[in-house]
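Content type mmCIF, C-alpha atoms, from the file upload.cif:
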data_work
#
loop_
_atom_site.label_atom_id
_atom_site.label_comp_id
_atom_site.auth_asym_id
_atom_site.auth_seq_id
_atom_site.Cartn_x
_atom_site.Cartn_y
_atom_site.Cartn_z
CA MET A 1 -69.38 25.45 -16.64
CA ARG A 2 -66.61 27.64 -17.98
CA LEU A 3 -66.99 29.99 -15.00
CA ARG A 4 -66.77 27.06 -12.57
CA PHE A 5 -63.57 25.86 -14.31
CA VAL A 6 -62.01 29.30 -13.98
CA LEU A 7 -62.95 29.48 -10.29
CA VAL A 8 -61.46 26.05 -9.62
CA MET A 9 -58.23 27.06 -11.37
CA ILE A 10 -58.01 30.27 -9.35
CA VAL A 11 -58.39 28.29 -6.12
CA LEU A 12 -55.79 25.72 -7.19
CA VAL A 13 -53.27 28.40 -8.12
CA ALA A 14 -53.90 30.45 -4.98
CA LEU A 15 -53.87 27.53 -2.54
CA PRO A 16 -50.16 26.81 -2.48
CA VAL A 17 -49.35 30.48 -2.03
CA ALA A 18 -51.75 30.85 0.87
CA GLY A 19 -50.21 27.79 2.50
CA ILE A 20 -51.96 24.88 4.17
CA SER A 21 -52.14 26.72 7.45
CA GLY A 22 -53.73 29.68 5.70
CA GLN A 23 -51.33 32.08 7.41
CA ASN A 24 -49.56 34.62 5.29
CA THR A 25 -47.38 37.62 5.90
CA PRO A 26 -48.87 41.03 5.00
CA TRP A 27 -46.84 40.93 1.75
CA GLY A 28 -48.24 37.52 0.80
CA ASP A 29 -45.50 35.01 1.65
CA PRO A 30 -46.36 31.93 3.73
CA ASP A 31 -45.81 32.93 7.35
CA LEU A 32 -43.19 30.76 9.09
CA GLN A 33 -42.43 33.30 11.79
CA GLY A 34 -42.16 32.45 15.43
CA ILE A 35 -40.02 30.50 17.86
CA TRP A 36 -39.70 26.83 17.04
CA SER A 37 -38.16 23.96 18.92
CA ASN A 38 -36.72 20.75 17.52
CA ARG A 39 -35.96 19.07 20.86
CA THR A 40 -36.69 15.38 20.59
CA ILE A 41 -35.34 12.07 21.78
CA THR A 42 -35.72 10.64 18.27
CA ARG A 43 -32.21 9.93 17.11
CA LEU A 44 -30.67 11.06 13.83
CA GLU A 45 -29.89 7.48 12.82
CA ARG A 46 -32.20 4.53 13.36
CA PRO A 47 -30.77 2.11 15.92
CA GLN A 48 -29.56 -1.07 14.18
CA GLU A 49 -32.02 -3.14 16.21
CA LEU A 50 -34.95 -1.23 14.69
CA ALA A 51 -33.59 -1.58 11.17
CA ASP A 52 -36.81 -2.84 9.61
CA LYS A 53 -39.11 -0.53 11.53
CA GLU A 54 -39.82 2.90 10.03
CA PHE A 55 -42.50 3.96 12.51
CA PHE A 56 -43.34 3.14 16.12
CA THR A 57 -46.88 2.15 16.99
CA ASP A 58 -48.42 4.26 19.76
CA GLU A 59 -47.73 1.50 22.30
CA GLU A 60 -44.14 1.02 21.17
CA ALA A 61 -43.60 4.76 21.33
CA VAL A 62 -44.70 4.94 24.98
CA GLU A 63 -42.37 2.08 25.87
CA TYR A 64 -39.42 3.53 23.94
CA VAL A 65 -39.84 6.98 25.51
CA ARG A 66 -40.06 5.55 29.02
CA ASP A 67 -36.98 3.36 28.56
CA THR A 68 -34.98 6.12 26.89
CA LEU A 69 -35.73 8.72 29.58
CA GLU A 70 -34.81 6.25 32.29
CA ARG A 71 -31.56 5.31 30.55
CA THR A 72 -30.46 8.87 29.79
CA ASN A 73 -31.46 10.43 33.12
CA ARG A 74 -28.32 12.19 34.39
CA ASP A 75 -29.49 12.06 37.97
CA ARG A 76 -28.38 8.44 37.92
CA ARG A 77 -25.13 7.90 39.77
CA ASP A 78 -24.57 4.30 38.71
CA GLY A 79 -21.77 3.16 36.46
CA PRO A 80 -18.05 3.90 36.64
CA ALA A 81 -16.71 7.32 37.69
CA GLU A 82 -15.84 8.18 34.07
CA THR A 83 -19.53 7.84 33.15
CA ASP A 84 -20.47 9.91 36.18
CA VAL A 85 -18.15 12.72 35.05
CA ARG A 86 -19.50 12.57 31.50
CA ARG A 87 -23.04 12.97 32.80
CA ALA A 88 -21.71 16.33 34.02
CA TYR A 89 -24.62 17.49 36.20
CA ASN A 90 -28.23 16.77 37.14
CA ASP A 91 -30.91 16.14 34.55
CA PHE A 92 -32.41 19.47 35.52
CA TRP A 93 -29.85 21.31 33.43
CA TRP A 94 -30.47 19.44 30.20
CA ASP A 95 -33.20 20.14 27.69
CA SER A 96 -32.92 17.33 25.19
CA GLY A 97 -36.65 16.75 24.95
CA THR A 98 -38.85 14.08 26.43
CA THR A 99 -40.85 13.07 23.37
CA LEU A 100 -40.43 11.43 19.97
CA VAL A 101 -41.12 13.37 16.78
CA LYS A 102 -44.88 13.55 16.28
CA THR A 103 -44.70 11.40 13.12
CA LEU A 104 -43.42 8.55 15.36
CA ARG A 105 -40.64 7.82 12.89
CA THR A 106 -37.86 5.75 14.43
CA SER A 107 -35.14 8.06 13.07
CA ILE A 108 -34.74 11.59 11.80
CA ILE A 109 -33.19 10.23 8.61
CA ILE A 110 -35.97 9.19 6.21
CA ASP A 111 -33.77 8.40 3.21
CA PRO A 112 -31.94 6.01 2.72
CA PRO A 113 -34.80 3.75 3.80
CA ASP A 114 -32.64 2.14 6.51
CA GLY A 115 -32.56 5.48 8.34
CA ARG A 116 -28.75 5.53 8.49
CA ILE A 117 -26.11 7.91 7.17
CA PRO A 118 -24.75 6.31 3.98
CA PRO A 119 -21.20 4.91 4.09
CA LEU A 120 -18.36 7.36 3.55
CA THR A 121 -16.36 7.30 0.34
CA GLU A 122 -12.83 5.88 0.58
CA GLU A 123 -11.40 9.40 0.32
CA ALA A 124 -13.61 10.62 3.20
CA GLU A 125 -12.71 7.60 5.36
CA THR A 126 -9.02 8.45 4.95
CA LEU A 127 -9.60 12.12 5.79
CA ALA A 128 -11.70 11.24 8.85
CA ALA A 129 -8.99 8.90 10.11
CA GLU A 130 -6.34 11.59 9.64
CA ARG A 131 -8.43 14.12 11.56
CA ALA A 132 -9.03 11.62 14.39
CA GLU A 133 -5.30 10.91 14.60
CA GLN A 134 -4.52 14.63 14.71
CA ARG A 135 -7.00 15.06 17.61
CA ARG A 136 -5.47 12.08 19.41
CA LEU A 137 -1.91 13.37 19.08
CA HIS A 138 -2.72 17.01 19.81
CA PRO A 139 -5.83 17.09 22.03
CA ALA A 140 -5.10 20.40 23.77
CA ASP A 141 -1.88 22.03 22.52
CA GLY A 142 -3.72 25.34 22.52
CA PRO A 143 -7.22 26.69 21.87
CA GLU A 144 -6.84 25.92 18.15
CA SER A 145 -6.55 22.21 18.91
CA ARG A 146 -10.04 22.18 20.37
CA SER A 147 -13.30 21.85 18.45
CA LEU A 148 -15.15 24.89 17.15
CA GLY A 149 -17.78 24.14 19.81
CA ASP A 150 -15.25 24.20 22.66
CA ARG A 151 -14.02 27.49 21.24
CA CYS A 152 -17.52 29.04 21.23
CA ILE A 153 -17.32 29.61 17.48
CA TRP A 154 -19.89 27.24 16.01
CA TRP A 155 -21.89 24.20 16.98
CA ARG A 156 -22.86 21.68 14.33
CA SER A 157 -26.51 21.40 15.39
CA THR A 158 -27.21 25.03 14.49
CA GLY A 159 -26.97 24.16 10.84
CA PRO A 160 -27.42 23.98 8.14
CA PRO A 161 -28.84 21.42 8.62
CA ILE A 162 -30.62 22.23 11.89
CA LEU A 163 -30.53 19.27 14.27
CA PRO A 164 -31.56 18.67 17.88
CA THR A 165 -28.95 18.64 20.62
CA ALA A 166 -28.72 18.61 24.41
CA TYR A 167 -30.14 22.06 25.12
CA ASN A 168 -30.92 25.47 23.61
CA ASN A 169 -32.92 23.74 20.84
CA ASN A 170 -34.75 26.94 19.96
CA TYR A 171 -34.92 28.80 16.69
CA GLN A 172 -36.56 32.08 15.77
CA ILE A 173 -37.68 32.75 12.21
CA VAL A 174 -38.23 36.34 11.14
CA GLN A 175 -39.37 37.34 7.66
CA SER A 176 -39.33 40.55 5.67
CA PRO A 177 -40.04 41.10 1.97
CA GLY A 178 -37.22 39.31 0.15
CA TYR A 179 -35.51 37.82 3.22
CA VAL A 180 -35.87 35.12 5.84
CA ALA A 181 -33.68 35.20 8.96
CA ILE A 182 -33.13 32.16 11.17
CA LEU A 183 -31.65 32.71 14.63
CA ALA A 184 -30.39 29.68 16.53
CA GLU A 185 -30.31 30.09 20.30
CA LEU A 186 -27.25 27.85 20.52
CA MET A 187 -24.13 29.84 19.63
CA HIS A 188 -26.38 32.76 18.70
CA ALA A 189 -25.94 31.76 15.05
CA VAL A 190 -27.92 33.78 12.52
CA ARG A 191 -28.59 33.10 8.87
CA ILE A 192 -30.04 35.90 6.75
CA ILE A 193 -31.32 34.24 3.60
CA PRO A 194 -32.05 36.28 0.46
CA LEU A 195 -35.02 35.18 -1.62
CA ASP A 196 -34.16 37.22 -4.71
CA ASP A 197 -32.72 34.55 -7.03
CA SER A 198 -29.29 36.08 -6.61
CA PRO A 199 -26.36 33.72 -7.25
CA HIS A 200 -24.28 32.15 -4.49
CA LEU A 201 -21.07 33.86 -3.38
CA PRO A 202 -18.01 33.25 -5.58
CA GLU A 203 -16.43 29.80 -5.15
CA THR A 204 -13.46 31.43 -3.44
CA THR A 205 -15.62 32.81 -0.61
CA LEU A 206 -16.24 30.10 1.97
CA GLN A 207 -18.09 30.43 5.28
CA LEU A 208 -18.55 28.18 8.31
CA MET A 209 -22.32 28.14 7.84
CA GLY A 210 -22.04 28.34 4.06
CA ASP A 211 -24.01 30.69 1.85
CA SER A 212 -27.79 30.23 1.89
CA ARG A 213 -30.20 31.28 -0.87
CA GLY A 214 -33.92 30.63 -0.73
CA HIS A 215 -37.08 30.62 -2.80
CA TRP A 216 -40.72 29.62 -2.38
CA GLU A 217 -42.16 26.49 -3.94
CA GLY A 218 -45.85 26.93 -3.15
CA ASP A 219 -46.12 26.99 0.64
CA THR A 220 -42.60 25.61 1.15
CA LEU A 221 -39.48 27.65 1.72
CA VAL A 222 -36.60 25.93 -0.08
CA VAL A 223 -33.09 26.96 0.94
CA GLU A 224 -29.92 25.85 -0.81
CA THR A 225 -26.63 26.29 1.03
CA THR A 226 -23.18 25.90 -0.54
CA ASN A 227 -19.75 27.55 -0.04
CA PHE A 228 -18.92 25.69 3.19
CA THR A 229 -15.40 25.61 4.55
CA ASP A 230 -13.75 22.21 5.04
CA ARG A 231 -13.62 23.06 8.76
CA THR A 232 -17.42 23.03 8.96
CA ASN A 233 -17.00 19.29 8.54
CA PHE A 234 -20.63 18.31 9.14
CA ARG A 235 -20.58 14.52 9.69
CA ASN A 236 -17.22 14.32 7.89
CA SER A 237 -18.39 16.46 4.97
CA GLY A 238 -15.98 18.66 3.03
CA ALA A 239 -16.07 21.98 1.21
CA GLY A 240 -18.22 20.39 -1.51
CA LEU A 241 -21.18 20.03 0.86
CA ARG A 242 -24.54 21.17 -0.49
CA VAL A 243 -27.54 21.30 1.84
CA ILE A 244 -31.12 21.65 0.63
CA GLU A 245 -33.64 22.55 3.35
CA ARG A 246 -37.41 22.68 3.10
CA PHE A 247 -39.58 24.52 5.65
CA ARG A 248 -43.36 24.14 5.51
CA ARG A 249 -45.93 25.16 8.09
CA ASP A 250 -48.19 22.13 8.32
CA ASP A 251 -50.45 23.70 10.95
CA PRO A 252 -50.19 26.72 13.28
CA ASP A 253 -48.06 24.75 15.75
CA THR A 254 -45.96 22.61 13.40
CA LEU A 255 -43.11 23.61 11.10
CA MET A 256 -42.13 20.59 9.01
CA TYR A 257 -38.39 20.74 8.39
CA GLU A 258 -36.58 18.55 5.88
CA PHE A 259 -32.96 18.59 4.81
CA THR A 260 -30.96 16.78 2.16
CA ILE A 261 -27.20 16.34 2.41
CA ASP A 262 -25.36 16.14 -0.87
CA ASP A 263 -21.57 15.77 -0.92
CA GLU A 264 -20.30 13.30 -3.51
CA ALA A 265 -16.73 13.41 -2.23
CA THR A 266 -17.86 12.40 1.27
CA PHE A 267 -20.99 10.24 1.06
CA THR A 268 -21.68 7.35 -1.30
CA ARG A 269 -25.16 8.81 -1.85
CA SER A 270 -27.22 11.80 -0.73
CA TRP A 271 -29.38 11.50 2.41
CA THR A 272 -32.45 13.22 3.80
CA GLY A 273 -33.83 13.89 7.27
CA GLN A 274 -37.11 15.24 8.59
CA ILE A 275 -38.09 16.84 11.91
CA PRO A 276 -41.46 18.40 12.69
CA MET A 277 -40.54 21.48 14.74
CA VAL A 278 -42.96 22.57 17.44
CA LYS A 279 -44.13 26.14 18.08
CA SER A 280 -42.96 27.51 21.40
CA ASP A 281 -44.52 30.23 23.50
CA GLY A 282 -41.22 30.83 25.29
CA LEU A 283 -38.51 33.33 24.57
CA ILE A 284 -35.08 33.07 22.99
CA TYR A 285 -32.43 33.84 25.60
CA GLU A 286 -28.96 35.19 25.07
CA TYR A 287 -25.95 33.05 24.31
CA ALA A 288 -22.73 34.59 25.54
CA CYS A 289 -20.31 31.73 25.27
CA HIS A 290 -17.06 33.62 25.89
CA GLU A 291 -18.19 35.52 28.97
CA GLY A 292 -17.39 33.67 32.14
CA ASN A 293 -16.04 30.76 30.12
CA TYR A 294 -13.51 29.23 32.49
CA ALA A 295 -13.82 25.89 30.75
CA MET A 296 -11.27 26.63 28.02
CA THR A 297 -8.52 27.63 30.47
CA ASN A 298 -9.55 24.70 32.65
CA LEU A 299 -9.15 22.31 29.71
CA LEU A 300 -5.75 23.68 28.72
CA GLU A 301 -4.41 23.83 32.28
CA ALA A 302 -5.60 20.26 32.80
CA ALA A 303 -3.63 19.19 29.72
CA ARG A 304 -0.47 20.99 30.94
CA ALA A 305 -0.85 19.37 34.37
CA GLU A 306 -1.18 15.93 32.75
CA GLU A 307 1.96 16.58 30.68
CA ALA A 308 3.90 17.67 33.76
CA ARG A 309 2.77 14.55 35.61
CA ALA A 310 3.78 12.35 32.67
CA ALA A 311 7.20 14.08 32.47
CA GLY A 312 7.69 13.58 36.21
CA ASP A 313 6.91 9.90 35.89
CA GLN A 314 9.67 9.33 33.36
CA MET B 1 -40.84 -5.24 19.79
CA ARG B 2 -40.28 -5.09 23.51
CA THR B 3 -37.23 -7.30 23.08
CA ASN B 4 -35.89 -4.91 20.46
CA VAL B 5 -36.33 -1.88 22.67
CA VAL B 6 -34.74 -3.57 25.65
CA MET B 7 -31.85 -4.69 23.46
CA VAL B 8 -31.28 -1.17 22.15
CA CYS B 9 -31.34 0.22 25.66
CA ALA B 10 -28.93 -2.42 26.89
CA VAL B 11 -26.48 -1.66 24.09
CA LEU B 12 -26.62 2.07 24.78
CA LEU B 13 -26.37 1.65 28.54
CA PHE B 14 -23.27 -0.47 28.39
CA SER B 15 -21.65 1.62 25.68
CA GLY B 16 -21.93 4.66 27.89
CA GLY B 17 -24.84 6.22 26.00
CA PRO B 18 -24.96 9.46 24.07
CA LEU B 19 -23.51 11.80 26.68
CA TRP B 20 -22.74 15.34 25.74
CA ALA B 21 -21.83 18.61 27.35
CA HIS B 22 -20.83 21.89 25.83
CA HIS B 23 -17.27 21.16 26.87
CA ALA B 24 -15.50 17.87 27.17
CA PHE B 25 -16.05 17.18 30.85
CA THR B 26 -13.66 14.27 31.00
CA SER B 27 -10.89 16.59 29.75
CA GLU B 28 -11.71 19.15 32.42
CA PHE B 29 -12.53 17.13 35.51
CA ASP B 30 -10.83 14.10 36.98
CA ALA B 31 -12.86 10.93 37.59
CA ALA B 32 -10.13 9.88 40.03
CA GLN B 33 -10.73 12.95 42.21
CA PRO B 34 -14.32 12.84 43.49
CA ILE B 35 -14.87 15.65 45.94
CA GLN B 36 -17.53 16.78 48.43
CA LEU B 37 -17.71 20.38 49.57
CA ARG B 38 -19.88 22.31 51.99
CA GLY B 39 -19.79 26.02 51.42
CA THR B 40 -21.56 29.35 51.27
CA LEU B 41 -22.50 30.91 47.96
CA VAL B 42 -20.59 34.16 47.40
CA ARG B 43 -21.14 34.69 43.68
CA ALA B 44 -23.19 33.15 40.88
CA GLU B 45 -22.23 33.68 37.24
CA LEU B 46 -25.16 32.74 35.03
CA ILE B 47 -24.11 33.54 31.49
CA ASN B 48 -25.54 31.11 28.97
CA PRO B 49 -24.32 28.48 28.18
CA HIS B 50 -22.09 28.45 31.26
CA SER B 51 -22.89 28.77 34.92
CA TRP B 52 -20.34 28.98 37.72
CA PHE B 53 -21.09 29.08 41.41
CA HIS B 54 -18.38 30.50 43.66
CA ILE B 55 -18.50 29.16 47.22
CA ASP B 56 -16.43 29.71 50.36
CA VAL B 57 -15.52 26.50 52.13
CA GLU B 58 -14.37 26.70 55.76
CA GLU B 59 -11.20 24.74 56.53
CA GLU B 60 -10.52 23.02 59.84
CA ASP B 61 -8.41 25.99 61.00
CA GLY B 62 -11.27 28.38 60.30
CA THR B 63 -9.82 29.90 57.12
CA LEU B 64 -11.97 30.14 54.02
CA THR B 65 -11.07 28.61 50.68
CA ARG B 66 -12.84 29.81 47.54
CA TRP B 67 -14.05 27.10 45.16
CA MET B 68 -15.64 27.45 41.71
CA ILE B 69 -18.36 24.98 40.76
CA GLU B 70 -19.49 24.46 37.17
CA GLY B 71 -23.19 23.99 36.44
CA GLY B 72 -25.21 23.71 33.22
CA THR B 73 -26.83 26.13 30.82
CA PRO B 74 -28.58 29.01 32.63
CA ASN B 75 -31.33 29.15 29.98
CA THR B 76 -32.66 25.94 31.47
CA LEU B 77 -32.83 27.70 34.82
CA PHE B 78 -34.85 30.58 33.40
CA ARG B 79 -37.23 28.23 31.60
CA ASN B 80 -37.80 26.40 34.87
CA GLY B 81 -38.56 29.66 36.62
CA ILE B 82 -35.29 29.94 38.56
CA THR B 83 -33.68 33.35 38.72
CA ARG B 84 -30.82 34.92 40.64
CA ASN B 85 -33.23 35.52 43.50
CA SER B 86 -33.93 31.80 43.82
CA LEU B 87 -30.44 31.10 45.09
CA PRO B 88 -29.38 34.14 47.13
CA ILE B 89 -25.81 34.94 48.12
CA GLY B 90 -25.09 33.40 51.50
CA THR B 91 -27.02 30.21 50.81
CA GLU B 92 -25.29 27.16 52.21
CA ILE B 93 -24.90 24.37 49.67
CA LEU B 94 -23.34 20.94 49.43
CA VAL B 95 -21.48 19.97 46.29
CA ASP B 96 -20.78 16.44 45.17
CA GLY B 97 -18.56 16.50 42.09
CA TYR B 98 -15.15 15.95 40.57
CA ARG B 99 -12.11 18.16 40.96
CA SER B 100 -10.37 19.92 38.08
CA ARG B 101 -7.56 17.88 36.53
CA ASP B 102 -5.01 20.63 37.19
CA GLY B 103 -5.66 20.40 40.94
CA SER B 104 -7.04 23.94 41.19
CA ASN B 105 -10.06 24.73 43.34
CA ARG B 106 -12.56 24.09 40.60
CA ALA B 107 -15.04 21.24 40.31
CA ASN B 108 -18.17 20.26 38.46
CA GLY B 109 -21.40 20.32 40.40
CA ARG B 110 -22.46 16.76 39.70
CA ASP B 111 -25.06 17.05 42.46
CA MET B 112 -25.81 20.23 44.36
CA THR B 113 -28.02 20.05 47.42
CA PHE B 114 -29.13 22.11 50.39
CA PRO B 115 -27.87 20.96 53.80
CA ASP B 116 -31.23 19.22 54.44
CA GLY B 117 -30.64 17.00 51.41
CA ARG B 118 -33.03 18.65 48.96
CA LYS B 119 -31.64 18.90 45.47
CA ILE B 120 -31.17 22.48 44.33
CA PHE B 121 -31.68 21.59 40.70
CA LEU B 122 -34.25 18.87 40.68
CA GLY B 123 -35.07 16.45 37.87
CA GLY B 124 -36.02 17.06 34.25
CA PRO B 125 -39.09 18.72 32.76
CA PRO B 126 -42.39 16.82 32.82
CA ALA B 127 -43.05 14.69 29.75
CA ASN B 128 -44.67 16.53 26.81
CA GLN B 129 -43.83 19.92 28.26
CA VAL B 130 -43.00 22.37 25.52
CA ARG B 131 -40.83 25.18 26.70
#

Can you present the structure in this file as structure tokens?
Amino acid sequence: MRLRFVLVMIVLVALPVAGISGQNTPWGDPDLQGIWSNRTITRLERPQELADKEFFTDEEAVEYVRDTLERTNRDRRDGPAETDVRRAYNDFWWDSGTTLVKTLRTSIIIDPPDGRIPPLTEEAETLAAERAEQRRLHPADGPESRSLGDRCIWWRSTGPPILPTAYNNNYQIVQSPGYVAILAELMHAVRIIPLDDSPHLPETTLQLMGDSRGHWEGDTLVVETTNFTDRTNFRNSGAGLRVIERFRRDDPDTLMYEFTIDDEATFTRSWTGQIPMVKSDGLIYEYACHEGNYAMTNLLEAARAEEARAAGDQ
Amino acid sequence: MRTNVVMVCAVLLFSGGPLWAHHAFTSEFDAAQPIQLRGTLVRAELINPHSWFHIDVEEEDGTLTRWMIEGGTPNTLFRNGITRNSLPIGTEILVDGYRSRDGSNRANGRDMTFPDGRKIFLGGPPANQVR
């Protein structure tokens, strides 16, 4: 009896370390390595009309996917010219996914229960309005007026937190003893995350993607990121943003990803999202945003031409 | 449920929907200047996330005018099996797009087709395809 108890305890202790998928690195950490995709048509926030519905049924999912793909197909040439320009080019070029998340949740946000980003604090509302006004008054004075994405510096979907976007939704995870590296195809953004219980960078050292530190909780990699700049500005967040991410390999082809957003100055409460990422057999391709980027000069020259036209009209 | 889904779709359709490109297309290209071009490919720049196709368009007097046409992210091309060799220099193409707001010879390739009407970049990936 005593021997059986000891054996059971050994199994219980060892199980979380081995991970549900049973795959470990040679040095014993749960193995999350590979190329993962988070492309999905499931939206971050639950549409208001689905407010009381947390999950689709299988039938509802089929209908929603069909309707969504038809609505978002960029091959459509209906609608006003402004919409046609915004669609940019054929559907061929886009890679936003054609499926819902496999859990069939109706939103990526799982908390609050309504699946919506919590209201902003009064202070954050004021800041957001000021930023919007600045963009309206100075849309293209120079490169610095443009978003970090336009400037090929950073795109918000690359994280943290990692979110799906229109294309390049591919991430490579590489592990070594004491470190996990996450490469985002979009913007070629890399995070090298120490797992050694070392403290975050000093409060005076701020980075666009923050400072990430990780540790294992059983089979789950938990990463805490702080030290963001106020220009990172994820969903109106400020320098006080703290992101907690959880990566767990549920099966060989699924990496369950969860993130919690905590920023008291910006949001009236913390919020959490979840995306099951799917293993990909493909490759990560290069991202060389500045090379052959005529779009920035095009944008600025367009703004100067508009100004000249407006001056001529007066 | 069906009513809900239809309602959501209707709201999104009439609000313009979640459209997104790496760059703000409406700031670059002019909805008031739709343009159609027939030209010969002289250069293709496929550097993710931007692609630009340079084409020579013959004017009525026989002179050639060089136009630059913006496409999407080349990584999508590679994942769909299209390489540089799929669209060789000298290929004749038709471009249906919008001209640059500054009036220069640049446009977006809203639709790009071969002279026989076939789309060069056709449709999206099949449902459930993981790439």

Contact residues (chain A, partner chain B, 7 Å, only C-alpha atoms) as JSON, numbers by chain = {"A": [49, 50, 64, 71, 81, 82, 83, 85, 86, 87, 88, 89, 90, 91, 92, 93, 94, 95, 98, 99, 150, 166, 280, 282, 285, 286, 287, 288, 289, 291, 292, 293, 298, 299, 301, 302, 305]}

request  = Could you list the residues chosen by the PyMOL selection byres ((chain A and resi 177) around 9) in this structure as number ranges by chain?
outcome  = A: 27, 29, 175-176, 178-180, 195

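Residues with any atom within 12 Å of segment 61-66 of chain B, counting only C-alpha atoms and excluding same-chain neighbours fewer than 4 positions away, are B:Leu37, B:Arg38, B:Gly39, B:Thr40, B:Leu41, B:Val42, B:Arg43, B:Phe53, B:His54, B:Ile55, B:Asp56, B:Val57, B:Ser104, B:Asn105, B:Arg106, B:Ala107.
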
request  = Pull out every residue that the PyMOL selection byres ((chain A and resi 34) around 12) matches in the shown coordinates and put them as a list in words.
outcome  = Asp31, Leu32, Gln33, Ile35, Trp36, Ser37, Asn170, Tyr171, Gln172, Ile173, Val174, Gln175, Val180, Ala181, Ile182, Leu183, Arg249, Pro252, Asp253, Thr254, Leu255, Met277, Val278, Lys279, Ser280, Asp281, Gly282, Leu283 and Ile284 of chain A

ask   = Do you know which residues the PyMOL selection byres ((chain A and resi 108) around 9) returns on this file, as a ChimeraX atom specification?
value = /A:42-46,101,105-107,109-110,115,272-275

query = Which distance in Å separates atom CA of Ile41 of chain A and atom CA of Thr103 of chain A, to one decimal?
reply = 12.8 Å

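Note that atom CA of Leu100 of chain A and atom CA of Thr40 of chain A are 5.5 Å apart.
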
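The space separating atom CA of Gln134 of chain A from atom CA of Arg269 of chain A comes to 27.1 Å.
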
Within 7 Å of segment 220-236 of chain A using only C-alpha atoms, minus same-chain residues under 3 positions, as JSON, numbers by chain = {"A": [124, 128, 156, 203, 205, 206, 207, 208, 209, 210, 211, 212, 213, 214, 215, 216, 217, 239, 241, 242, 243, 244, 245, 246, 247, 248, 266]}

Keeping only C-alpha atoms, write those residues as a JSON list (two decimals), in the frame of the given file.
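The resulting file, result.json, is shown below:
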[["chain", "number", "residue", "atom", "x", "y", "z"],
["A", 124, "ALA", "CA", -13.61, 10.62, 3.20],
["A", 128, "ALA", "CA", -11.70, 11.24, 8.85],
["A", 156, "ARG", "CA", -22.86, 21.68, 14.33],
["A", 203, "GLU", "CA", -16.43, 29.80, -5.15],
["A", 205, "THR", "CA", -15.62, 32.81, -0.61],
["A", 206, "LEU", "CA", -16.24, 30.10, 1.97],
["A", 207, "GLN", "CA", -18.09, 30.43, 5.28],
["A", 208, "LEU", "CA", -18.55, 28.18, 8.31],
["A", 209, "MET", "CA", -22.32, 28.14, 7.84],
["A", 210, "GLY", "CA", -22.04, 28.34, 4.06],
["A", 211, "ASP", "CA", -24.01, 30.69, 1.85],
["A", 212, "SER", "CA", -27.79, 30.23, 1.89],
["A", 213, "ARG", "CA", -30.20, 31.28, -0.87],
["A", 214, "GLY", "CA", -33.92, 30.63, -0.73],
["A", 215, "HIS", "CA", -37.08, 30.62, -2.80],
["A", 216, "TRP", "CA", -40.72, 29.62, -2.38],
["A", 217, "GLU", "CA", -42.16, 26.49, -3.94],
["A", 239, "ALA", "CA", -16.07, 21.98, 1.21],
["A", 241, "LEU", "CA", -21.18, 20.03, 0.86],
["A", 242, "ARG", "CA", -24.54, 21.17, -0.49],
["A", 243, "VAL", "CA", -27.54, 21.30, 1.84],
["A", 244, "ILE", "CA", -31.12, 21.65, 0.63],
["A", 245, "GLU", "CA", -33.64, 22.55, 3.35],
["A", 246, "ARG", "CA", -37.41, 22.68, 3.10],
["A", 247, "PHE", "CA", -39.58, 24.52, 5.65],
["A", 248, "ARG", "CA", -43.36, 24.14, 5.51],
["A", 266, "THR", "CA", -17.86, 12.40, 1.27]]

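Shortest atom-to-atom contact with Arg39 of chain A among A:His188, A:Leu69, A:Pro276, A:Arg136: A:Pro276, counting only C-alpha atoms.
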
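Using all atoms listed in the file, the protein and nucleic acid residues lying at most 8 Å from the point (-29.4, 13.3, -0.5) are Asp111, Thr260, Ile261, Asp262, Arg269, Ser270, Trp271 and Thr272 of chain A.
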